[in-house]
>>> print(open('data-v2.txt').read())   # compact mmCIF, C-alpha atoms and all ligand atoms
# COMPACT_ATOMS: atom_id res chain seq x y z
CA MET I 27 -11.58 12.74 7.50
CA PRO I 28 -10.58 9.13 6.78
CA VAL I 29 -8.52 7.29 9.39
CA PRO I 30 -4.83 7.54 8.45
CA ILE I 31 -2.94 4.37 7.75
CA VAL I 32 0.63 3.14 7.91
CA ALA I 33 1.40 -0.11 6.16
CA GLY I 34 4.63 -2.06 6.30
CA ASN I 35 5.67 -4.11 3.30
CA TRP I 36 8.20 -6.70 4.41
CA LYS I 37 8.79 -7.81 0.82
CA MET I 38 10.84 -11.05 0.57
CA HIS I 39 12.41 -10.70 3.99
CA THR I 40 12.22 -12.79 7.19
CA SER I 41 11.87 -16.51 7.79
CA VAL I 42 8.76 -17.62 9.66
CA THR I 43 10.69 -17.54 12.92
CA GLU I 44 12.12 -14.10 12.22
CA GLY I 45 8.71 -12.88 11.09
CA LEU I 46 7.12 -14.04 14.32
CA ARG I 47 9.74 -12.24 16.36
CA LEU I 48 9.38 -9.07 14.29
CA ALA I 49 5.59 -9.17 14.58
CA LEU I 50 5.82 -9.52 18.36
CA GLU I 51 8.14 -6.53 18.61
CA LEU I 52 5.98 -4.46 16.28
CA VAL I 53 2.80 -5.25 18.19
CA GLU I 54 4.43 -4.28 21.44
CA GLY I 55 5.16 -0.82 20.08
CA LEU I 56 2.21 -0.32 17.76
CA ASP I 57 -0.69 -1.56 19.84
CA GLY I 58 -0.58 1.54 22.01
CA VAL I 59 -0.57 3.95 19.06
CA SER I 60 -4.11 5.03 18.28
CA GLY I 61 -5.59 7.33 15.66
CA VAL I 62 -3.98 5.43 12.80
CA GLU I 63 -4.61 2.08 11.19
CA LYS I 64 -1.50 -0.08 11.38
CA VAL I 65 -1.02 -2.83 8.81
CA ILE I 66 1.86 -5.25 8.34
CA CYS I 67 2.36 -7.30 5.18
CA PRO I 68 4.68 -10.29 5.75
CA PRO I 69 5.51 -12.95 3.15
CA PHE I 70 2.77 -15.53 2.49
CA VAL I 71 4.42 -18.29 4.53
CA SER I 72 4.36 -16.15 7.67
CA LEU I 73 0.78 -14.91 7.37
CA GLU I 74 -0.81 -17.54 9.55
CA ALA I 75 1.80 -17.33 12.30
CA VAL I 76 1.70 -13.53 12.29
CA ALA I 77 -2.11 -13.57 12.28
CA GLY I 78 -1.87 -15.46 15.56
CA VAL I 79 0.33 -12.74 17.04
CA LEU I 80 -1.99 -9.96 15.84
CA ARG I 81 -5.20 -11.55 17.11
CA GLY I 82 -6.76 -9.37 19.79
CA THR I 83 -4.46 -6.44 18.99
CA SER I 84 -5.10 -3.29 16.94
CA VAL I 85 -2.53 -4.23 14.29
CA LYS I 86 -3.93 -5.57 11.03
CA LEU I 87 -2.59 -8.02 8.52
CA GLY I 88 -2.06 -7.64 4.79
CA ALA I 89 -0.71 -9.86 2.01
CA GLN I 90 1.74 -8.66 -0.63
CA ASN I 91 -0.01 -10.09 -3.68
CA MET I 92 -2.60 -12.64 -4.80
CA HIS I 93 -4.00 -14.31 -7.91
CA HIS I 94 -7.36 -13.12 -9.23
CA GLU I 95 -8.95 -16.54 -9.75
CA VAL I 96 -10.97 -18.22 -7.03
CA GLN I 97 -9.02 -21.48 -7.42
CA GLY I 98 -7.45 -23.61 -10.11
CA ALA I 99 -4.33 -24.96 -11.73
CA TYR I 100 -2.04 -22.01 -10.99
CA THR I 101 0.98 -23.60 -9.38
CA GLY I 102 2.62 -21.36 -6.80
CA GLU I 103 -0.22 -18.86 -6.64
CA VAL I 104 -2.49 -17.86 -3.76
CA ALA I 105 -6.22 -17.23 -4.19
CA PRO I 106 -8.19 -14.33 -2.67
CA GLY I 107 -10.32 -16.69 -0.58
CA MET I 108 -7.21 -18.21 0.97
CA LEU I 109 -6.28 -14.79 2.29
CA ALA I 110 -9.74 -13.61 3.24
CA GLY I 111 -9.93 -15.37 6.59
CA LEU I 112 -6.44 -14.26 7.49
CA CYS I 113 -5.93 -10.72 6.16
CA GLU I 114 -7.89 -7.51 5.80
CA TYR I 115 -5.59 -5.93 3.23
CA VAL I 116 -3.71 -6.93 0.12
CA LEU I 117 -1.02 -4.99 -1.75
CA LEU I 118 -1.70 -5.05 -5.48
CA GLY I 119 0.32 -3.83 -8.45
CA HIS I 120 3.47 -3.07 -6.50
CA SER I 121 6.13 -1.76 -8.90
CA GLU I 122 8.32 -4.77 -8.12
CA ARG I 123 5.51 -7.02 -9.34
CA ARG I 124 5.03 -4.85 -12.40
CA SER I 125 8.74 -4.83 -13.28
CA HIS I 126 9.91 -8.33 -12.24
CA PHE I 127 6.73 -10.29 -12.90
CA ALA I 128 5.32 -8.36 -15.86
CA GLU I 129 2.11 -7.43 -14.05
CA THR I 130 0.02 -5.21 -16.30
CA ASP I 131 -2.74 -2.75 -15.46
CA GLU I 132 -5.19 -5.37 -16.76
CA ALA I 133 -3.86 -7.95 -14.32
CA VAL I 134 -3.99 -5.43 -11.47
CA ASN I 135 -7.58 -4.60 -12.42
CA LEU I 136 -8.60 -8.28 -12.24
CA LYS I 137 -6.93 -8.56 -8.84
CA VAL I 138 -8.58 -5.41 -7.47
CA LYS I 139 -12.00 -6.73 -8.47
CA ALA I 140 -11.20 -10.16 -6.99
CA ALA I 141 -10.02 -8.55 -3.74
CA PHE I 142 -13.30 -6.66 -3.34
CA ARG I 143 -15.27 -9.84 -4.08
CA ALA I 144 -13.31 -11.65 -1.37
CA GLY I 145 -13.88 -8.84 1.14
CA LEU I 146 -10.24 -7.72 1.14
CA CYS I 147 -9.22 -4.06 1.04
CA PRO I 148 -6.80 -3.49 -1.83
CA ILE I 149 -3.80 -1.22 -1.45
CA VAL I 150 -3.17 -0.43 -5.11
CA CYS I 151 0.36 0.73 -5.86
CA VAL I 152 1.09 3.17 -8.65
CA GLY I 153 4.16 5.20 -9.58
CA GLU I 154 6.37 6.25 -12.46
CA THR I 155 9.94 5.22 -13.26
CA LEU I 156 12.79 7.71 -13.38
CA GLU I 157 12.82 7.54 -17.16
CA GLN I 158 9.09 8.31 -17.31
CA ARG I 159 9.54 11.23 -14.91
CA GLU I 160 12.49 12.63 -16.80
CA SER I 161 10.60 12.49 -20.07
CA GLY I 162 7.71 14.43 -18.52
CA LYS I 163 5.32 11.46 -18.48
CA ALA I 164 4.82 10.97 -14.73
CA ALA I 165 1.29 12.40 -14.58
CA GLU I 166 0.14 10.48 -17.63
CA VAL I 167 1.62 7.20 -16.37
CA VAL I 168 0.15 7.48 -12.88
CA ALA I 169 -3.29 8.56 -14.12
CA GLY I 170 -3.22 5.61 -16.56
CA GLN I 171 -2.33 3.18 -13.77
CA VAL I 172 -5.17 4.48 -11.58
CA ARG I 173 -7.69 4.27 -14.43
CA GLY I 174 -6.38 0.85 -15.44
CA ALA I 175 -6.53 -0.59 -11.94
CA LEU I 176 -10.09 0.63 -11.34
CA ARG I 177 -11.60 0.05 -14.78
CA GLY I 178 -15.17 -1.22 -14.52
CA LEU I 179 -15.39 -0.66 -10.77
CA HIS I 180 -18.40 1.39 -9.79
CA ASN I 181 -17.88 1.28 -6.08
CA ILE I 182 -14.54 2.29 -4.68
CA MET I 183 -15.37 2.29 -1.02
CA ASP I 184 -12.57 1.21 1.24
CA LEU I 185 -9.80 1.53 -1.26
CA VAL I 186 -6.22 2.56 -0.60
CA ILE I 187 -3.92 3.88 -3.32
CA ALA I 188 -0.20 4.11 -2.64
CA TYR I 189 1.88 6.46 -4.74
CA GLU I 190 5.33 4.95 -4.86
CA PRO I 191 7.61 6.56 -7.41
CA VAL I 192 9.84 3.70 -8.59
CA TRP I 193 12.97 5.86 -8.33
CA ALA I 194 12.30 6.46 -4.63
CA ILE I 195 11.84 2.81 -3.64
CA GLY I 196 14.72 1.40 -1.63
CA THR I 197 17.04 4.18 -2.77
CA GLY I 198 17.09 6.35 0.33
CA VAL I 199 16.00 9.22 -1.91
CA ALA I 200 12.36 9.94 -1.18
CA ALA I 201 10.26 12.21 -3.37
CA THR I 202 9.97 15.77 -2.15
CA PRO I 203 6.64 16.62 -0.51
CA GLU I 204 6.05 18.98 -3.46
CA THR I 205 6.38 16.12 -5.95
CA ALA I 206 4.19 13.85 -3.82
CA SER I 207 1.57 16.57 -3.60
CA GLU I 208 1.71 17.28 -7.32
CA VAL I 209 1.02 13.65 -8.12
CA MET I 210 -1.33 12.70 -5.27
CA GLY I 211 -3.39 15.89 -5.02
CA GLY I 212 -2.81 16.98 -8.60
CA VAL I 213 -3.14 13.73 -10.55
CA ILE I 214 -4.53 10.81 -8.51
CA LEU I 215 -7.35 12.72 -6.82
CA PRO I 216 -8.57 14.47 -10.00
CA THR I 217 -8.42 11.13 -11.85
CA LEU I 218 -10.67 9.59 -9.19
CA GLN I 219 -12.98 12.60 -9.30
CA GLU I 220 -13.26 12.20 -13.05
CA MET I 221 -14.15 8.51 -12.67
CA TYR I 222 -16.57 8.68 -9.75
CA THR I 223 -19.48 10.92 -8.99
CA ARG I 224 -19.30 10.44 -5.23
CA ASP I 225 -16.44 12.39 -3.75
CA PRO I 226 -13.56 9.93 -3.72
CA ALA I 227 -11.64 12.09 -1.27
CA ALA I 228 -14.01 10.85 1.42
CA GLN I 229 -13.56 7.17 0.56
CA VAL I 230 -10.11 6.58 -0.83
CA ARG I 231 -7.01 6.86 1.28
CA LEU I 232 -3.80 7.90 -0.43
CA LEU I 233 -0.43 6.78 0.91
CA TYR I 234 3.02 7.97 -0.02
CA GLY I 235 5.69 5.27 -0.34
CA GLY I 236 9.36 5.28 -1.28
CA SER I 237 12.21 5.60 1.24
CA VAL I 238 9.85 6.67 4.01
CA SER I 239 11.67 7.12 7.32
CA PRO I 240 10.99 8.68 10.72
CA GLY I 241 12.98 11.65 9.42
CA ASN I 242 10.84 12.44 6.39
CA VAL I 243 7.38 11.02 7.05
CA GLU I 244 6.04 14.14 8.71
CA SER I 245 6.58 16.24 5.59
CA PHE I 246 4.37 13.81 3.63
CA ALA I 247 1.77 13.26 6.33
CA ARG I 248 1.22 17.00 6.60
CA LEU I 249 -0.03 17.13 3.02
CA GLU I 250 -3.80 17.29 2.72
CA SER I 251 -3.87 14.68 -0.04
CA VAL I 252 -1.82 12.17 1.98
CA HIS I 253 -3.42 9.81 4.52
CA GLY I 254 -0.34 7.92 5.57
CA ALA I 255 2.58 5.87 4.32
CA LEU I 256 3.52 2.57 2.73
CA VAL I 257 6.86 1.64 4.22
CA GLY I 258 9.42 -0.90 3.00
CA GLY I 259 12.83 -1.04 4.65
CA ALA I 260 11.87 0.89 7.78
CA SER I 261 8.97 -1.50 8.44
CA LEU I 262 11.53 -4.20 9.28
CA ARG I 263 12.84 -1.98 12.09
CA PRO I 264 10.26 -1.94 14.89
CA ASP I 265 11.60 1.25 16.47
CA GLN I 266 11.42 3.08 13.14
CA PHE I 267 8.02 1.77 12.06
CA VAL I 268 6.44 2.59 15.44
CA GLU I 269 7.96 6.06 15.27
CA ILE I 270 6.57 6.53 11.76
CA ALA I 271 3.09 5.57 12.99
CA ARG I 272 3.35 8.06 15.87
CA ILE I 273 4.51 10.85 13.58
CA VAL I 274 1.64 10.22 11.16
CA VAL I 275 -0.87 10.47 14.02
CA GLY I 276 0.69 13.74 15.15
CA ALA I 277 0.74 15.26 11.68
CA LYS I 278 -2.80 14.19 10.85
CA SER I 279 -4.23 15.46 14.10
CA GLY I 280 -2.56 18.81 13.48
CA GLY I 281 0.06 18.27 16.18
P1 LIG I 301 11.25 1.47 0.85
O1 LIG I 301 10.51 2.12 1.98
O2 LIG I 301 12.27 0.47 1.30
O3 LIG I 301 11.78 2.48 -0.12
O4 LIG I 301 10.18 0.60 0.03
C1 LIG I 301 9.00 1.19 -0.36
C2 LIG I 301 8.07 0.14 -0.86
O5 LIG I 301 8.27 -0.41 -1.91
C3 LIG I 301 6.92 -0.23 -0.01
O6 LIG I 301 5.99 -0.96 -0.73
>>> encode(input="data-v2.txt", output="structure tokens")
Amino acid sequence: MPVPIVAGNWKMHTSVTEGLRLALELVEGLDGVSGVEKVICPPFVSLEAVAGVLRGTSVKLGAQNMHHEVQGAYTGEVAPGMLAGLCEYVLLGHSERRSHFAETDEAVNLKVKAAFRAGLCPIVCVGETLEQRESGKAAEVVAGQVRGALRGLHNIMDLVIAYEPVWAIGTGVAATPETASEVMGGVILPTLQEMYTRDPAAQVRLLYGGSVSPGNVESFARLESVHGALVGGASLRPDQFVEIARIVVGAKSGG
């Protein structure tokens, strides 16, 4: 049974000062919660300061994006190696990057490979839009994103995939556990099984994301195909994020 994981995506929120304060509050609550991996993903400018706060604690650091090249003339971009000494995780292919920054499956694939080369654990985000769901294409879209992100990768050890239906992100309307299970257990897992001979269920952790809150996280964490949550808004609220981590531990340990 893989170790469950809760990851907080701060998105484009918090100044460095605010980020430091938030990290301190989060660590205070999270450090005592065991049986789950806890990851926070602040904006790039806060990574170093937050890394200082997390040093010596059980809370891990992730970035929200990166470029796939080792270095070069890519103004405004951040290379994998720049993150490697600082972070253990990196979010890749978030739907906001796909929709606002035209990130394609090909781009996500290059980034996933670059993350592995740099020793970072990718948290690959996939998920369908409302239009795709309503036209009956959710399964096809998500399977395509998984295949696209992992194309050419023969080793998928230490990989996290977050299913975040676009229509559930930041809306307060989470997917139902049935929908999450249909996609995660019924589409993502079989897609991985089709691609890899070694049982991916033992190596890949699947997270649900999209309006996760202390009130609904248990219903997701109880699903066999779910190993935790990727949290947006509630990860900026220390009380809520700590509670989410505790609930995931309880649900995953059968409590
Ligand atoms: P919310 O939890 O705010 O819906 O955001 C989800 C998300 O996009 C995390 O990556």
>>> residues_around(input="data-v2.txt", residues="I:Glu204", least_positions_apart="4", cutoff="10 Å", atoms="all atoms listed in the file", output="list of chain:residue names")
I:Glu208, I:Val209, I:Met210, I:Ser245, I:Phe246, I:Leu249
>>> atom_distance(input="data-v2.txt", atom1="atom CA of I:Tyr222", atom2="atom CA of I:Ala33")
25.6 Å
>>> closest_atom_pairs(input="data-v2.txt", of="chain I", to="ligand LIG 301 (chain I)", cutoff="9 Å", atoms="only C-alpha atoms and all ligand atoms", output="JSON lines")
{"residue": "I:Ala33", "atom": "CA", "partner": "I:LIG301", "partner_atom": "C3", "distance": 8.3}
{"residue": "I:Gly34", "atom": "CA", "partner": "I:LIG301", "partner_atom": "C3", "distance": 7.0}
{"residue": "I:Asn35", "atom": "CA", "partner": "I:LIG301", "partner_atom": "O6", "distance": 5.1}
{"residue": "I:Trp36", "atom": "CA", "partner": "I:LIG301", "partner_atom": "C3", "distance": 7.9}
{"residue": "I:Lys37", "atom": "CA", "partner": "I:LIG301", "partner_atom": "O6", "distance": 7.6}
{"residue": "I:Gln90", "atom": "CA", "partner": "I:LIG301", "partner_atom": "O6", "distance": 8.8}
{"residue": "I:Leu117", "atom": "CA", "partner": "I:LIG301", "partner_atom": "O6", "distance": 8.1}
{"residue": "I:His120", "atom": "CA", "partner": "I:LIG301", "partner_atom": "O6", "distance": 6.6}
{"residue": "I:Ser121", "atom": "CA", "partner": "I:LIG301", "partner_atom": "O5", "distance": 7.4}
{"residue": "I:Glu122", "atom": "CA", "partner": "I:LIG301", "partner_atom": "O5", "distance": 7.6}
{"residue": "I:Cys151", "atom": "CA", "partner": "I:LIG301", "partner_atom": "O6", "distance": 7.8}
{"residue": "I:Ala188", "atom": "CA", "partner": "I:LIG301", "partner_atom": "O6", "distance": 8.2}
{"residue": "I:Glu190", "atom": "CA", "partner": "I:LIG301", "partner_atom": "O5", "distance": 6.8}
{"residue": "I:Pro191", "atom": "CA", "partner": "I:LIG301", "partner_atom": "O5", "distance": 8.9}
{"residue": "I:Val192", "atom": "CA", "partner": "I:LIG301", "partner_atom": "O5", "distance": 8.0}
{"residue": "I:Trp193", "atom": "CA", "partner": "I:LIG301", "partner_atom": "O3", "distance": 9.0}
{"residue": "I:Ala194", "atom": "CA", "partner": "I:LIG301", "partner_atom": "O3", "distance": 6.0}
{"residue": "I:Ile195", "atom": "CA", "partner": "I:LIG301", "partner_atom": "O3", "distance": 3.5}
{"residue": "I:Gly196", "atom": "CA", "partner": "I:LIG301", "partner_atom": "O3", "distance": 3.5}
{"residue": "I:Thr197", "atom": "CA", "partner": "I:LIG301", "partner_atom": "O3", "distance": 6.1}
{"residue": "I:Gly198", "atom": "CA", "partner": "I:LIG301", "partner_atom": "O3", "distance": 6.6}
{"residue": "I:Val199", "atom": "CA", "partner": "I:LIG301", "partner_atom": "O3", "distance": 8.2}
{"residue": "I:Ala200", "atom": "CA", "partner": "I:LIG301", "partner_atom": "O3", "distance": 7.6}
{"residue": "I:Gly235", "atom": "CA", "partner": "I:LIG301", "partner_atom": "C1", "distance": 5.3}
{"residue": "I:Gly236", "atom": "CA", "partner": "I:LIG301", "partner_atom": "O3", "distance": 3.9}
{"residue": "I:Ser237", "atom": "CA", "partner": "I:LIG301", "partner_atom": "O3", "distance": 3.4}
{"residue": "I:Val238", "atom": "CA", "partner": "I:LIG301", "partner_atom": "O1", "distance": 5.0}
{"residue": "I:Ser239", "atom": "CA", "partner": "I:LIG301", "partner_atom": "O1", "distance": 7.4}
{"residue": "I:Ala255", "atom": "CA", "partner": "I:LIG301", "partner_atom": "C3", "distance": 8.6}
{"residue": "I:Leu256", "atom": "CA", "partner": "I:LIG301", "partner_atom": "C3", "distance": 5.2}
{"residue": "I:Val257", "atom": "CA", "partner": "I:LIG301", "partner_atom": "O1", "distance": 4.3}
{"residue": "I:Gly258", "atom": "CA", "partner": "I:LIG301", "partner_atom": "O1", "distance": 3.4}
{"residue": "I:Gly259", "atom": "CA", "partner": "I:LIG301", "partner_atom": "O2", "distance": 3.7}
{"residue": "I:Ala260", "atom": "CA", "partner": "I:LIG301", "partner_atom": "O1", "distance": 6.1}
{"residue": "I:Ser261", "atom": "CA", "partner": "I:LIG301", "partner_atom": "O1", "distance": 7.6}
>>> residues_near_point(input="data-v2.txt", point="(-10.2, -22.0, -4.3)", cutoff="8 Å", atoms="only C-alpha atoms", output="PyMOL selection string")
chain I and resi 95-98+105+107-108
>>> write_last_selection(input="data-v2.txt", atoms="C-alpha atoms", output="PDB file, in the coordinates of the input")
ATOM      1  CA  GLU I  95      -8.950 -16.540  -9.750  1.00  0.00           C
ATOM      2  CA  VAL I  96     -10.970 -18.220  -7.030  1.00  0.00           C
ATOM      3  CA  GLN I  97      -9.020 -21.480  -7.420  1.00  0.00           C
ATOM      4  CA  GLY I  98      -7.450 -23.610 -10.110  1.00  0.00           C
ATOM      5  CA  ALA I 105      -6.220 -17.230  -4.190  1.00  0.00           C
ATOM      6  CA  GLY I 107     -10.320 -16.690  -0.580  1.00  0.00           C
ATOM      7  CA  MET I 108      -7.210 -18.210   0.970  1.00  0.00           C
TER       8      MET I 108
END
>>> residues_around(input="data-v2.txt", residues="stretch 61-64 of chain I", least_positions_apart="5", cutoff="7 Å", atoms="all atoms listed in the file", output="short mmCIF file (atom, residue, chain, number, x, y, z; two decimals) with C-alpha atoms, in the coordinates of the input")
data_model
loop_
_atom_site.label_atom_id
_atom_site.label_comp_id
_atom_site.auth_asym_id
_atom_site.auth_seq_id
_atom_site.Cartn_x
_atom_site.Cartn_y
_atom_site.Cartn_z
CA VAL I 29 -8.52 7.29 9.39
CA PRO I 30 -4.83 7.54 8.45
CA ILE I 31 -2.94 4.37 7.75
CA VAL I 32 0.63 3.14 7.91
CA ALA I 33 1.40 -0.11 6.16
CA VAL I 85 -2.53 -4.23 14.29
CA LYS I 86 -3.93 -5.57 11.03
CA VAL I 275 -0.87 10.47 14.02
#
>>> atom_distance(input="data-v2.txt", atom1="atom CA of I:Arg248", atom2="atom CA of I:Lys278")
6.5 Å
>>> atom_distance(input="data-v2.txt", atom1="atom CA of I:Glu103", atom2="atom CA of I:Pro68")
15.8 Å
>>> closest_residue(input="data-v2.txt", among="I:Leu87, I:Ala164, I:Ala49, I:Val172", to="I:Val134", atoms="all atoms listed in the file")
I:Val172
>>> axis_aligned_box(input="data-v2.txt", around="stretch 162-169 of chain I", padding_each_side="5 Å", output="AutoDock Vina command-line options")
--center_x 2.2 --center_y 10.8 --center_z -15.7 --size_x 21.0 --size_y 17.2 --size_z 15.6
>>> closest_residue(input="data-v2.txt", among="I:Met92, I:Leu215, I:Ala144, I:Val116", to="I:Arg231", atoms="only C-alpha atoms")
I:Leu215
>>> closest_residue(input="data-v2.txt", among="I:Val268, I:Ser161, I:Asn181, I:Ala206", to="I:Ile66", atoms="only C-alpha atoms")
I:Val268
>>> residues_near_point(input="data-v2.txt", point="(-2.4, 4.0, -4.7)", cutoff="6 Å", atoms="only C-alpha atoms", output="PyMOL selection string")
chain I and resi 150-152+186-189+232
>>> residues_around(input="data-v2.txt", residues="I:Leu218", least_positions_apart="5", cutoff="10 Å", atoms="only C-alpha atoms", output="ChimeraX atom specification")
/I:169,172-173,176,182,213,223-227,230
>>> residues_around(input="data-v2.txt", residues="I:Pro264", least_positions_apart="3", cutoff="10 Å", atoms="all atoms listed in the file", output="mmCIF file with C-alpha atoms, in the frame of the given file")
data_model
loop_
_atom_site.group_PDB
_atom_site.id
_atom_site.type_symbol
_atom_site.label_atom_id
_atom_site.label_comp_id
_atom_site.auth_asym_id
_atom_site.auth_seq_id
_atom_site.Cartn_x
_atom_site.Cartn_y
_atom_site.Cartn_z
ATOM 1 C CA LEU I 48 9.380 -9.070 14.290
ATOM 2 C CA ALA I 49 5.590 -9.170 14.580
ATOM 3 C CA LEU I 50 5.820 -9.520 18.360
ATOM 4 C CA GLU I 51 8.140 -6.530 18.610
ATOM 5 C CA LEU I 52 5.980 -4.460 16.280
ATOM 6 C CA VAL I 53 2.800 -5.250 18.190
ATOM 7 C CA GLU I 54 4.430 -4.280 21.440
ATOM 8 C CA GLY I 55 5.160 -0.820 20.080
ATOM 9 C CA LEU I 56 2.210 -0.320 17.760
ATOM 10 C CA ALA I 260 11.870 0.890 7.780
ATOM 11 C CA SER I 261 8.970 -1.500 8.440
ATOM 12 C CA PHE I 267 8.020 1.770 12.060
ATOM 13 C CA VAL I 268 6.440 2.590 15.440
ATOM 14 C CA GLU I 269 7.960 6.060 15.270
ATOM 15 C CA ILE I 270 6.570 6.530 11.760
#
>>> closest_residue(input="data-v2.txt", among="I:Val104, I:Ala277, I:Leu185, I:Leu262", to="I:Arg47", atoms="all atoms listed in the file")
I:Leu262
>>> closest_residue(input="data-v2.txt", among="I:Gly276, I:Gly58, I:Gly254, I:Pro69", to="I:Thr40", atoms="only C-alpha atoms")
I:Pro69
